[in-house]
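The next block holds one structure in the form of structure tokens; read it before the comments.
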Amino acid sequence: MANPQVKTPAPQVAPKPATPQAAPTPQAQPKSSGITQLKNMLIGGTAGTVATSFLYPIETLKTRIQMQSEAKVKGVSAFGTIKNIYKAEGVKSFYMGLGAALARQMLFASFRIGLFFNAADYLKQKKKTGKLSLLESAGASISAGGIAILTVMPFDVVFVRMQAENSLPVAERRGYTGLGNALATICKKEGVSTLWKGSVPAVARAMALNFGMLVPYEQCKALLAPYLGYTYTNYIISSGIAGFGASVCCLPFDNAKVKLQKQVPQGPEKKLPYKNLVDCMAKCVRNEGIFGLWSGFLPFYSFLFPQTVLILLINDFLRIKLGISKIQQRFLPLTQLQLSLIHI
């Protein structure tokens, strides 16, 4: 009697982990036009104002900590500063200068984000690769940041002064009642040129901010594309990295800008504490140590990180919805995302 044949199951082949393919090129973008460029400007301004309106109290906290560090107040902490502001001035103080900040942000983000993406879209279409080189990203971001801040300097000066108002001695307070009153008072008492006071550190800060924010974002999107594609998953991760880069690059210039813009004449000679950006940063290092340049990093990062993520994601979301940009798919499936991250 013949022995029955026993079928042995074929060995199962383990699925191969995801391997990086050639970086996918984003789908062709519509040809840039005046309407598209205007959309980019409005989208950037909208993204900036939405993010700022949610996160403004953290910006106020950051400014107060910087001022305490300058005054060599010991034992400064974020939680202690929050408690002191709330106890002495109330909740409204966290929103002091919000009107100026939103007006500033609408213009500032419109230019610094809108001009960057206008330049980026033009270069991508010209090269027909869908990607920017590091040098192109740097040039576009730095130029857009410098142009943007020069257009909004009057709002920037008012916004910094109103944030610092309640922390000044009573005799030194300016008593601004709002954005319009502050602009009129400054022009009348100090001259129109005062509205561009501290423009050098402000331009340096804006360039550093745009470089630290937009260059890592564009480069990370391109580097992660072979693994994650051009998806919201990619955009979220890239924007998080950009938030850290923006904080590190921007904060030393932000510290110097705040100190220069809020300084008032001191002593019988009515002499200003700082001559210029270099003098301010040098005195900061001498009086507070090298890490004094990054004074207030935690609240600054707590503000700029979510602001950067929100601005970049809102910006890309609106660009996709309005047909300026394309996306391959919304999010990667969880299993595919896990394999991709493991391989990275």
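Just so we're on the same page: first chain in the structure tokens is A, next is B, and so on; residues restart at 1 for each chain, and ligands are numbered from 1 in the order they show up.
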Spatial neighbours of A:Glu59, 9 Å, only C-alpha atoms, chain gap at least 4 places, as a list in words: Thr52, Leu55, Thr63, Arg64, Phe94, Pro299, Phe300, Ser302, Phe303 and Leu304 of chain A
Non-local contacts of stretch 141-144 of chain A (10 Å; only C-alpha atoms; under 5 positions in same chain excluded) as a list in words: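 Residues near the query, excluding close chain neighbours: Phe108, Ala109, Ser110, Phe111, Arg112, Ile113, Gly114, Leu115, Phe116, Phe117, Asn118, Ala119, Ala120, Leu135, Glu136, Ile149, Val203, Ala204, Ala206, Met207, Ala208, Leu209, Asn210, Phe211, Gly212, Met213, Leu214 and Val215 of chain A.
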Sel. of helix (DSSP H, G or I) residues, stretch 148-289 of chain A, as a PyMOL selection string: chain A and resi 148-167+170-172+179-190+192-196+199-228+232-262+277-288
Residue among A:Tyr217, A:Tyr235, A:Trp196, A:Tyr86 lying closest to A:Ser137, counting only C-alpha atoms: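 Looking only at the distances to A:Ser137, the closest residue turns out to be A:Tyr217.
Compared by their closest atoms to A:Met96, and using only C-alpha atoms, the residues A:Pro169, A:Gly296, A:Gly178, A:Gly45 rank with A:Gly178 nearest.
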Which residue of A:Lys72, A:Glu190, A:Ala103, A:Leu293 approaches A:Val50 most closely, using only C-alpha atoms: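 Among the listed residues, A:Ala103 lies closest to A:Val50.
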Option closest in space to A:Leu277, from A:Lys197, A:Arg161, A:Arg319, A:Lys92 [counting only C-alpha atoms]: A:Lys197
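Atom pair atom CA of A:Ile311 / atom CA of A:Ala47 has a distance of 4.8 Å (rounded to one decimal).
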Selection near stretch 182-187 of chain A, 12 Å with only C-alpha atoms, sequence-local residues under 2 positions removed, as a PyMOL selection string: chain A and resi 97+99-100+153-162+165+174-180+189-197
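When only C-alpha atoms are used to compute distances to A:Tyr301, the closest of the residues A:Leu42, A:Leu123, A:Leu61, A:Leu168 turns out to be A:Leu61.
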Nearby residues (only C-alpha atoms) at most 9 Å from A:Glu218, same-chain spacing under 2 positions excluded, as a VMD selection string: chain A and resid 131 to 132 134 137 214 to 216 220 to 223 238 242
Would you mind listing, for every residue of stretch 25-117 of chain A within 10 Å of stretch 255-268 of chain A, the two atoms forming the shortest contact and the distance between them in Å to one decimal, using only C-alpha atoms, sorted by chain and ascending residue number, as a tab-separated table?
residue	atom	partner	partner_atom	distance
A:Lys62	CA	A:Asn255	CA	9.6
A:Thr63	CA	A:Val258	CA	7.5
A:Gln66	CA	A:Asn255	CA	6.7
A:Met67	CA	A:Lys259	CA	7.6
A:Glu70	CA	A:Lys259	CA	8.2
Could you save the residues just selected, with N, CA, C and O atoms, as an mmCIF file, in the first residue's frame?
data_model
loop_
_atom_site.group_PDB
_atom_site.id
_atom_site.type_symbol
_atom_site.label_atom_id
_atom_site.label_comp_id
_atom_site.auth_asym_id
_atom_site.auth_seq_id
_atom_site.Cartn_x
_atom_site.Cartn_y
_atom_site.Cartn_z
ATOM 1 N N LYS A 62 8.195 84.997 27.483
ATOM 2 C CA LYS A 62 9.581 84.985 26.999
ATOM 3 C C LYS A 62 10.227 86.353 27.136
ATOM 4 O O LYS A 62 11.365 86.486 27.603
ATOM 5 N N THR A 63 9.491 87.401 26.765
ATOM 6 C CA THR A 63 10.027 88.761 26.865
ATOM 7 C C THR A 63 10.324 89.145 28.310
ATOM 8 O O THR A 63 11.369 89.732 28.612
ATOM 9 N N GLN A 66 13.514 87.430 29.524
ATOM 10 C CA GLN A 66 14.693 88.073 28.961
ATOM 11 C C GLN A 66 15.041 89.349 29.735
ATOM 12 O O GLN A 66 16.210 89.634 30.007
ATOM 13 N N MET A 67 14.027 90.111 30.099
ATOM 14 C CA MET A 67 14.257 91.354 30.833
ATOM 15 C C MET A 67 14.782 91.082 32.237
ATOM 16 O O MET A 67 15.652 91.797 32.741
ATOM 17 N N GLU A 70 18.429 90.190 31.981
ATOM 18 C CA GLU A 70 19.235 91.393 31.766
ATOM 19 C C GLU A 70 19.453 92.146 33.071
ATOM 20 O O GLU A 70 20.535 92.686 33.327
#
